[in-house]
Amino acid sequence: MTGFSAFLGKELTEIRRTWRIWVIPGMLVFFGVTSPILAALTPALVRSMATSQPGLVIQLPPPTAHDAYVQFIKSLDQLVLIAIIITGAGVVSGERSSGTAMLALTKPLSRGAFVVTKILSQTTLLVAATALGTAVCLAMTALIFTGAGRAHLVTAVALWLVYAVLLIVVMTLFSAAFHSRGAAAGAGLGFYFLTLILGAWGPAARYSFLGLVLATQKALVFESQPLGWQLTTAAVAIGVGVMVAVWVFERQEL
């Protein structure tokens with residue numbers, strides 16, 4: 001892991017000074033602001049649409065803080081995860097195609113440190129952005145709704161974050177394995193949709209990280225659920241994914 005600390009500092013500085021500081025954090029803050037507003041306005045919007053249809057009556061319960069949290073998690077599960085896939089597709093392949101990877105590796109920097117630093121810098125950005133977006137969502141929900149609890153949203157976001165970190169590792173692996181950014185993105189989308197499909201199968205959801213998406217949704221309603229298998233397999237998958245990404249990159253031609 002030669003050159004790990006110096007290269008990590010370079011990566012974090014680069015994040016602060018480039019477009020990457022705005023994409024994922026910007027999305028999370030945007031959804032944190034808009035999710036409670038959208039939840040509050042949805043019944044009125046539906047009723048206004050119903051008035052254009054004579055004889056059509058639609059009755060919806062009053063919106064609650066839970067609706068705001070569901071909207072926020074839905075945005076994380078769909079749009080933010082896809083953004084992680086797209087931005088992560090070029091984390092290694094982009095630097096390799098531009099020649100900056102070769103330039104960095106001519107310094108006292110090992111290939112293992114290069115890959116691990118990429119994963120750690122992305123994870124740091126995601127954790128900080130998720131904390132900020134969740135805090136904004138909680139604050140906006142408290143302003144709009146009364147009796148807004150916090151624990152269930154924090155738990156759901158924490159479970160989502162475990163899967164998101166795993167996706168970062170997987171995308172770094174694909175980016176190291178494929179020279180094309182598009183190929184890495186395609187493989188990442190395939191992995192994402194495959195996990196969604198397999199996660200609907202009961203045994204896979206109970207005994208592997210594939211159940212994390214469903215567990216995130218259950219956490220919003222305080223549904224009691226054992227999470228040992230999901231969290232353990234996710235941790236193992238993250239560790240194995242890091243090692244495989246390093247192994248693959250060490251055998252790639254720059």
# chains A, B, ... in the order shown; residues from 1 in each chain; ligands from 1
call {"tool": "residues_around", "arguments": {"residues": "Val242 (chain A)", "least_positions_apart": "4", "cutoff": "7 Å", "atoms": "only C-alpha atoms", "output": "count of residues only"}}
result
3
call {"tool": "residues_around", "arguments": {"residues": "Phe249 (chain A)", "least_positions_apart": "2", "cutoff": "12 Å", "atoms": "only C-alpha atoms", "output": "number ranges by chain"}}
result
A: 92-93, 96, 101, 105, 110-116, 172-179, 242-247, 251-254
call {"tool": "closest_residue", "arguments": {"among": "A:Phe191, A:Phe145, A:Tyr163, A:Phe4", "to": "Leu126 (chain A)", "atoms": "only C-alpha atoms"}}
result
A:Tyr163
call {"tool": "closest_residue", "arguments": {"among": "A:Ala139, A:Trp229, A:Leu189, A:Arg17", "to": "Val33 (chain A)", "atoms": "only C-alpha atoms"}}
result
A:Ala139
call {"tool": "closest_residue", "arguments": {"among": "A:Ile85, A:Cys137, A:Leu167, A:Leu8", "to": "Leu109 (chain A)", "atoms": "only C-alpha atoms"}}
result
A:Leu8
call {"tool": "residues_around", "arguments": {"residues": "region 127-135 of chain A", "least_positions_apart": "6", "cutoff": "10 Å", "atoms": "only C-alpha atoms", "output": "PyMOL selection string"}}
result
chain A and resi 21-33+69+72-73+76+141+150+153-154+157-158+160-162+164-165
call {"tool": "closest_residue", "arguments": {"among": "A:Gly186, A:Pro108, A:Gly199, A:Gly99", "to": "Gly3 (chain A)", "atoms": "only C-alpha atoms"}}
result
A:Pro108
call {"tool": "residues_around", "arguments": {"residues": "Tyr207 (chain A)", "least_positions_apart": "2", "cutoff": "10 Å", "atoms": "only C-alpha atoms", "output": "list in words"}}
result
Gly202, Pro203, Ala204, Ala205, Phe209, Leu210, Gly211, Pro226, Leu227, Gly228, Trp229, Gln230, Leu231, Thr232 and Thr233 of chain A
call {"tool": "write_last_selection", "arguments": {"atoms": "C-alpha atoms", "output": "CSV table (one decimal), in the first residue's frame"}}
result
chain,number,residue,atom,x,y,z
A,202,GLY,CA,-37.3,-15.1,-0.1
A,203,PRO,CA,-34.2,-17.2,0.8
A,204,ALA,CA,-31.8,-14.7,-1.0
A,205,ALA,CA,-33.4,-11.8,0.8
A,209,PHE,CA,-27.0,-8.8,1.2
A,210,LEU,CA,-29.7,-9.0,-1.5
A,211,GLY,CA,-32.2,-8.4,1.2
A,226,PRO,CA,-33.2,-10.1,11.7
A,227,LEU,CA,-30.3,-8.4,9.9
A,228,GLY,CA,-27.4,-10.6,10.9
A,229,TRP,CA,-27.1,-12.5,7.6
A,230,GLN,CA,-27.7,-9.4,5.4
A,231,LEU,CA,-25.1,-7.3,7.2
A,232,THR,CA,-22.5,-10.1,7.5
A,233,THR,CA,-22.7,-11.1,3.9
call {"tool": "residues_around", "arguments": {"residues": "Ala187 (chain A)", "least_positions_apart": "5", "cutoff": "9 Å", "atoms": "only C-alpha atoms", "output": "list in words"}}
result
Met171, Phe174, Gly182 and Tyr192 of chain A
call {"tool": "write_last_selection", "arguments": {"atoms": "C-alpha atoms", "output": "PDB file, in the first residue's frame"}}
result
ATOM      1  CA  MET A 171     -18.258  -0.305  -9.661  1.00  0.00           C
ATOM      2  CA  PHE A 174     -15.899  -3.146 -13.038  1.00  0.00           C
ATOM      3  CA  GLY A 182     -19.627   2.466 -20.991  1.00  0.00           C
ATOM      4  CA  TYR A 192     -28.032  -3.408  -9.820  1.00  0.00           C
TER       5      TYR A 192
END
call {"tool": "select_by_dssp", "arguments": {"residues": "region 6-194 of chain A", "states": "alpha helix (DSSP H)", "output": "MDAnalysis selection string"}}
result
chainID A and resid 6:17 20:50 65:75 81:88 93:98 100:105 111:144 151:177 181:194
call {"tool": "atom_distance", "arguments": {"atom1": "CA of Leu12 (chain A)", "atom2": "CA of Thr106 (chain A)"}}
result
20.2 Å
call {"tool": "atom_distance", "arguments": {"atom1": "CA of Arg20 (chain A)", "atom2": "CA of Gln78 (chain A)"}}
result
19.1 Å
